[in-house]
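Only one structure is covered here, and it is reproduced in the block below.
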Amino acid sequence: MKVLKKLEPLQAATKFIFKHYPNCQGALLAGSVVRGETTHTSDLDLVIFDDSLISSFRESLIEYGWAIEVFAHNLTSYQAFFKSDCKRARPSLPRMISEGIILVDKGVVQSIKKEAAQLLEKGPEKWSEERIKLKRYFISDALDDLIGSSNTSESLFIANTLAYITHEFVLRTNGHWIGDSKWIVRSLNLYNERFSKEFVEAFDTFYKTGDKDKVIQLVDKVLEPYGGRLFEGFSLGKEGSNH
């Protein structure tokens with residue numbers, strides 16, 4: 001049986017664009033391939049700009065030996081994605097466009113790349129005191145749950161939640177973008193590699209041995225500059241009364 005040879009990423013991406021989107025105004029190759037982080041399961045992330053498209057869409061295909069993810073936009077639809085990415089503080093599309101290698105540019109990609117880079121540079125919206133207090137409460141609550149839990153199965157998932165909301169707290173209070181899945185560690189590394197190492201080590205120790213001490217110390221250290229754990233006196237949505 002003849003096995004198809006996998007083309008080089010750039011070659012495969014270029015061929016794909018010319019075959020499927022010959023009239024597009026712009027195209028970029030983004031993702032792990034561009035960052036030099038390719039694994040055997042990596043796919044090609046392609047961002048397409050085509051003013052003939054009515055709306056944005058995403059599709060997954062396999063060609064030239066690669067799994068290919070297409071993120072297709074017209075010349076304005078990408079802006080809604082920029083906006084929602086910034087609102088959730090996970091800038092997937094701005095990052096893809098900012099770091100992407102240009103495959104096709106008929107005079108539109110450079111300015112969109114600049115727009116993406118400016119958004120990334122600016123960082124997410126600053127958290128209010130009220131938001132910080134709310135997040136402190138959620139983290140304190142999850143930490144108490146972990147400390148009190150003697151059920152191994154439940155503890156695993158409490159720790160998952162705690163890891164996510166703690167990483168979010170650290171990054172947002174320091175004006176950095178957050179992550180999801182593998183981007184949690186990447187985002188922590190972009191913020192502070194030493195802290196990231198400490199963070200991973202604490203949760204790794206817990207997952208491997210069940211020892212909670214490093215996680216407790218880490219979370220307390222994160223909350224300390226903001227007043228530490230918060231439970232007593234916290235209220236949400238309570239209306240003033242005459243009583």
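Chains: A, B, ... in order of the structure tokens. Residues: from 1 per chain. Ligands: from 1, in order shown.
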
Which polymer residues have any atom within 12 Å of an atom of Glu121 in chain A, counting only C-alpha atoms, with same-chain residues fewer than 2 positions away left out, as number ranges by chain? A: 86, 91, 94-95, 98, 114-119, 123-125, 175-177

Write out, as a compact mmCIF listing (two decimals), in the first residue's frame, the residues just selected, with all heavy atoms.
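Output below, filename part-v1.txt:
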# COMPACT_ATOMS: atom_id res chain seq x y z
N CYS A 86 -11.16 39.00 23.70
CA CYS A 86 -10.65 39.96 24.69
C CYS A 86 -11.55 39.98 25.93
O CYS A 86 -11.06 40.08 27.05
CB CYS A 86 -10.55 41.36 24.09
SG CYS A 86 -9.24 41.49 22.87
N PRO A 91 -7.04 35.32 24.19
CA PRO A 91 -6.97 35.91 22.84
C PRO A 91 -6.54 34.94 21.75
O PRO A 91 -5.51 35.12 21.10
CB PRO A 91 -5.93 37.01 23.03
CG PRO A 91 -4.99 36.43 24.05
CD PRO A 91 -5.82 35.58 24.97
N PRO A 94 -6.51 36.72 18.00
CA PRO A 94 -5.44 37.73 17.91
C PRO A 94 -4.04 37.12 17.97
O PRO A 94 -3.15 37.52 17.24
CB PRO A 94 -5.69 38.63 19.13
CG PRO A 94 -7.15 38.52 19.38
CD PRO A 94 -7.50 37.10 19.04
N ARG A 95 -3.89 36.10 18.81
CA ARG A 95 -2.57 35.46 18.92
C ARG A 95 -2.21 34.72 17.63
O ARG A 95 -1.09 34.82 17.15
CB ARG A 95 -2.57 34.50 20.11
CG ARG A 95 -1.19 34.00 20.46
CD ARG A 95 -1.20 33.11 21.67
NE ARG A 95 -1.05 33.85 22.91
CZ ARG A 95 -1.86 33.74 23.95
NH1 ARG A 95 -2.90 32.93 23.91
NH2 ARG A 95 -1.64 34.44 25.04
N SER A 98 -1.42 37.39 15.02
CA SER A 98 -0.20 38.13 15.35
C SER A 98 1.07 37.33 15.06
O SER A 98 2.03 37.83 14.49
CB SER A 98 -0.24 38.53 16.82
OG SER A 98 0.98 39.09 17.20
N LYS A 114 -1.32 44.01 12.69
CA LYS A 114 -0.99 45.14 13.57
C LYS A 114 -2.08 45.31 14.64
O LYS A 114 -1.80 45.51 15.82
CB LYS A 114 -0.84 46.41 12.73
CG LYS A 114 -0.19 47.56 13.47
CD LYS A 114 0.00 48.76 12.55
CE LYS A 114 0.40 49.99 13.34
NZ LYS A 114 0.44 51.18 12.49
N GLU A 115 -3.32 45.21 14.18
CA GLU A 115 -4.48 45.30 15.08
C GLU A 115 -4.40 44.21 16.17
O GLU A 115 -4.62 44.48 17.35
CB GLU A 115 -5.74 45.09 14.23
CG GLU A 115 -7.01 45.71 14.75
CD GLU A 115 -8.19 45.43 13.80
OE1 GLU A 115 -8.02 45.45 12.56
OE2 GLU A 115 -9.26 45.16 14.33
N ALA A 116 -4.08 43.00 15.75
CA ALA A 116 -3.98 41.86 16.68
C ALA A 116 -2.85 42.08 17.68
O ALA A 116 -3.02 41.85 18.88
CB ALA A 116 -3.74 40.57 15.89
N ALA A 117 -1.70 42.54 17.18
CA ALA A 117 -0.54 42.76 18.05
C ALA A 117 -0.83 43.84 19.10
O ALA A 117 -0.43 43.72 20.26
CB ALA A 117 0.67 43.16 17.22
N GLN A 118 -1.56 44.89 18.69
CA GLN A 118 -1.91 45.97 19.63
C GLN A 118 -2.84 45.46 20.74
O GLN A 118 -2.68 45.83 21.90
CB GLN A 118 -2.55 47.14 18.87
CG GLN A 118 -1.53 47.98 18.12
CD GLN A 118 -2.17 48.97 17.16
OE1 GLN A 118 -3.36 48.89 16.84
NE2 GLN A 118 -1.39 49.93 16.67
N LEU A 119 -3.79 44.61 20.36
CA LEU A 119 -4.70 44.03 21.36
C LEU A 119 -3.93 43.17 22.37
O LEU A 119 -4.16 43.26 23.57
CB LEU A 119 -5.75 43.15 20.68
CG LEU A 119 -6.95 43.82 20.03
CD1 LEU A 119 -7.82 42.78 19.35
CD2 LEU A 119 -7.78 44.57 21.07
N GLY A 123 -3.32 43.95 26.66
CA GLY A 123 -3.74 43.06 27.74
C GLY A 123 -5.24 43.14 27.98
O GLY A 123 -5.92 43.99 27.42
N PRO A 124 -5.75 42.25 28.86
CA PRO A 124 -7.19 42.23 29.11
C PRO A 124 -7.65 43.40 29.99
O PRO A 124 -6.83 44.07 30.61
CB PRO A 124 -7.40 40.90 29.83
CG PRO A 124 -6.09 40.63 30.51
CD PRO A 124 -5.03 41.24 29.63
N GLU A 125 -8.95 43.57 30.04
CA GLU A 125 -9.54 44.64 30.87
C GLU A 125 -9.21 44.40 32.34
O GLU A 125 -9.21 43.27 32.82
CB GLU A 125 -11.06 44.60 30.66
CG GLU A 125 -11.78 45.82 31.16
CD GLU A 125 -13.29 45.70 30.93
OE1 GLU A 125 -13.68 45.22 29.84
OE2 GLU A 125 -14.04 46.06 31.83
N GLY A 175 -2.66 41.74 35.06
CA GLY A 175 -2.85 42.32 33.72
C GLY A 175 -2.43 41.43 32.57
O GLY A 175 -2.10 41.92 31.49
N HIS A 176 -2.47 40.09 32.78
CA HIS A 176 -2.05 39.16 31.72
C HIS A 176 -3.24 38.36 31.20
O HIS A 176 -4.22 38.14 31.91
CB HIS A 176 -1.00 38.18 32.26
CG HIS A 176 0.38 38.79 32.33
ND1 HIS A 176 1.36 38.51 31.41
CD2 HIS A 176 0.91 39.68 33.19
CE1 HIS A 176 2.45 39.19 31.72
NE2 HIS A 176 2.20 39.91 32.80
N TRP A 177 -3.10 37.86 29.98
CA TRP A 177 -4.10 36.99 29.38
C TRP A 177 -4.09 35.64 30.07
O TRP A 177 -3.03 35.17 30.49
CB TRP A 177 -3.80 36.79 27.88
CG TRP A 177 -3.79 38.05 27.09
CD1 TRP A 177 -2.69 38.72 26.61
CD2 TRP A 177 -4.93 38.83 26.67
NE1 TRP A 177 -3.07 39.84 25.92
CE2 TRP A 177 -4.44 39.94 25.94
CE3 TRP A 177 -6.32 38.68 26.85
CZ2 TRP A 177 -5.27 40.90 25.39
CZ3 TRP A 177 -7.15 39.64 26.30
CH2 TRP A 177 -6.63 40.74 25.57

Hey, what does DSSP flag as helix (DSSP H, G or I) within range 15-188 of chain A? Can you give it to me as a VMD selection string? chain A and resid 15 to 20 32 to 35 78 to 88 92 to 99 109 to 122 129 to 148 152 to 173 182 to 188

Could you state the separation of CA of Ile54 in chain A and CA of Phe71 in chain A in Å, given to one decimal place? 13.7 Å

As an MDAnalysis selection string, which residues of range 30-232 of chain A does DSSP assign to strand (DSSP E or B)? chainID A and resid 30 44:49 57:63 66:73 101:105

With C-alpha atoms retained, export the selected residues as a tab-separated table (two decimals), in the first residue's frame.
chain	number	residue	atom	x	y	z
A	30	ALA	CA	-0.47	29.83	12.65
A	44	LEU	CA	-2.05	23.13	10.56
A	45	ASP	CA	-4.01	26.18	11.71
A	46	LEU	CA	-4.92	28.37	8.75
A	47	VAL	CA	-6.57	31.78	9.04
A	48	ILE	CA	-8.25	32.92	5.81
A	49	PHE	CA	-9.56	36.39	4.90
A	57	PHE	CA	-16.75	29.68	9.79
A	58	ARG	CA	-14.41	26.97	10.96
A	59	GLU	CA	-13.78	23.57	9.39
A	60	SER	CA	-11.45	20.61	9.82
A	61	LEU	CA	-10.03	18.61	6.90
A	62	ILE	CA	-7.23	16.17	6.20
A	63	GLU	CA	-5.00	16.85	3.19
A	66	TRP	CA	-1.97	16.92	7.71
A	67	ALA	CA	-5.02	17.58	9.83
A	68	ILE	CA	-5.94	21.13	8.76
A	69	GLU	CA	-8.04	23.57	10.82
A	70	VAL	CA	-9.43	26.45	8.79
A	71	PHE	CA	-10.58	29.67	10.47
A	72	ALA	CA	-12.24	31.63	7.69
A	73	HIS	CA	-13.34	35.27	7.96
A	101	ILE	CA	3.26	33.41	8.84
A	102	ILE	CA	1.74	35.24	5.88
A	103	LEU	CA	0.99	32.95	2.93
A	104	VAL	CA	-1.14	35.36	0.89
A	105	ASP	CA	-1.58	39.11	1.30

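If only C-alpha atoms are the atoms counted, then among A:Ser84, A:Glu193, A:Lys19, A:Ser111 the closest residue to Ile97 in chain A is A:Ser111.
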
Skipping near chain neighbours, those fewer than 3 positions away, what residues fall within 7 Å of Tyr137 in chain A using only C-alpha atoms, listed as a list in words?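 Contacts, in chain order: Lys133, Leu134, Ser140, Asp141, Leu230 and Phe231 of chain A.
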
Report the distance between CA of Lys87 in chain A and CA of Glu168 in chain A in Å, rounded to one decimal place. 13.5 Å

In Å, with one decimal, what is the gap from CA of Ile147 in chain A to CA of Ala159 in chain A? 10.1 Å

List the spatial neighbours of Val219 in chain A as a PDB file with N, CA and C atoms, in the first residue's frame - criterion: any atom at most 10 Å away, only C-alpha atoms, same-chain residues fewer than 2 positions off excluded.
ATOM      1  N   ILE A 139     -12.076  31.098  45.233  1.00  0.00           N
ATOM      2  CA  ILE A 139     -10.825  30.363  45.452  1.00  0.00           C
ATOM      3  C   ILE A 139     -10.770  29.841  46.895  1.00  0.00           C
ATOM      4  N   SER A 140     -11.138  30.704  47.852  1.00  0.00           N
ATOM      5  CA  SER A 140     -11.132  30.310  49.274  1.00  0.00           C
ATOM      6  C   SER A 140     -12.064  29.131  49.511  1.00  0.00           C
ATOM      7  N   LEU A 143     -10.554  26.002  48.020  1.00  0.00           N
ATOM      8  CA  LEU A 143      -9.419  25.567  48.846  1.00  0.00           C
ATOM      9  C   LEU A 143      -9.920  24.878  50.114  1.00  0.00           C
ATOM     10  N   LEU A 162      -9.659  24.391  41.321  1.00  0.00           N
ATOM     11  CA  LEU A 162      -8.783  25.304  42.060  1.00  0.00           C
ATOM     12  C   LEU A 162      -7.604  25.763  41.198  1.00  0.00           C
ATOM     13  N   ALA A 163      -7.029  24.833  40.428  1.00  0.00           N
ATOM     14  CA  ALA A 163      -5.897  25.183  39.546  1.00  0.00           C
ATOM     15  C   ALA A 163      -6.334  26.217  38.525  1.00  0.00           C
ATOM     16  N   THR A 166      -7.213  29.655  40.209  1.00  0.00           N
ATOM     17  CA  THR A 166      -6.010  30.291  40.775  1.00  0.00           C
ATOM     18  C   THR A 166      -5.141  30.869  39.660  1.00  0.00           C
ATOM     19  N   HIS A 167      -4.985  30.115  38.562  1.00  0.00           N
ATOM     20  CA  HIS A 167      -4.194  30.641  37.443  1.00  0.00           C
ATOM     21  C   HIS A 167      -4.862  31.904  36.888  1.00  0.00           C
ATOM     22  N   VAL A 170      -4.223  34.929  39.325  1.00  0.00           N
ATOM     23  CA  VAL A 170      -2.838  35.434  39.225  1.00  0.00           C
ATOM     24  C   VAL A 170      -2.653  36.266  37.957  1.00  0.00           C
ATOM     25  N   PHE A 199       3.822  26.553  40.507  1.00  0.00           N
ATOM     26  CA  PHE A 199       2.403  26.232  40.337  1.00  0.00           C
ATOM     27  C   PHE A 199       2.241  24.777  39.873  1.00  0.00           C
ATOM     28  N   ALA A 202       3.312  22.206  42.561  1.00  0.00           N
ATOM     29  CA  ALA A 202       2.352  22.056  43.660  1.00  0.00           C
ATOM     30  C   ALA A 202       1.228  21.097  43.281  1.00  0.00           C
ATOM     31  N   LYS A 214       1.582  21.724  49.397  1.00  0.00           N
ATOM     32  CA  LYS A 214       2.145  22.691  48.428  1.00  0.00           C
ATOM     33  C   LYS A 214       1.050  23.497  47.740  1.00  0.00           C
ATOM     34  N   VAL A 215      -0.090  22.845  47.468  1.00  0.00           N
ATOM     35  CA  VAL A 215      -1.217  23.554  46.850  1.00  0.00           C
ATOM     36  C   VAL A 215      -1.749  24.609  47.815  1.00  0.00           C
ATOM     37  N   ILE A 216      -1.911  24.230  49.089  1.00  0.00           N
ATOM     38  CA  ILE A 216      -2.427  25.169  50.100  1.00  0.00           C
ATOM     39  C   ILE A 216      -1.491  26.376  50.229  1.00  0.00           C
ATOM     40  N   GLN A 217      -0.184  26.100  50.312  1.00  0.00           N
ATOM     41  CA  GLN A 217       0.810  27.185  50.433  1.00  0.00           C
ATOM     42  C   GLN A 217       0.770  28.109  49.215  1.00  0.00           C
ATOM     43  N   LYS A 221      -0.394  32.000  49.199  1.00  0.00           N
ATOM     44  CA  LYS A 221       0.581  33.006  48.742  1.00  0.00           C
ATOM     45  C   LYS A 221      -0.030  33.921  47.669  1.00  0.00           C
ATOM     46  N   VAL A 222      -0.844  33.321  46.789  1.00  0.00           N
ATOM     47  CA  VAL A 222      -1.504  34.086  45.727  1.00  0.00           C
ATOM     48  C   VAL A 222      -2.528  35.064  46.313  1.00  0.00           C
ATOM     49  N   LEU A 223      -3.272  34.612  47.322  1.00  0.00           N
ATOM     50  CA  LEU A 223      -4.332  35.445  47.910  1.00  0.00           C
ATOM     51  C   LEU A 223      -3.812  36.490  48.895  1.00  0.00           C
ATOM     52  N   GLU A 224      -2.647  36.208  49.474  1.00  0.00           N
ATOM     53  CA  GLU A 224      -2.136  37.056  50.566  1.00  0.00           C
ATOM     54  C   GLU A 224      -2.091  38.565  50.255  1.00  0.00           C
ATOM     55  N   GLY A 228      -5.798  37.700  51.746  1.00  0.00           N
ATOM     56  CA  GLY A 228      -5.894  36.289  52.129  1.00  0.00           C
ATOM     57  C   GLY A 228      -7.242  35.669  51.818  1.00  0.00           C
ATOM     58  N   ARG A 229      -7.495  34.538  52.456  1.00  0.00           N
ATOM     59  CA  ARG A 229      -8.766  33.820  52.224  1.00  0.00           C
ATOM     60  C   ARG A 229      -9.949  34.685  52.641  1.00  0.00           C
TER      61      ARG A 229
END

Nearest to Tyr164 in chain A by atom-to-atom distance, counting only C-alpha atoms, from A:Ser92, A:Phe203, A:Arg131, A:Asn189: A:Phe203
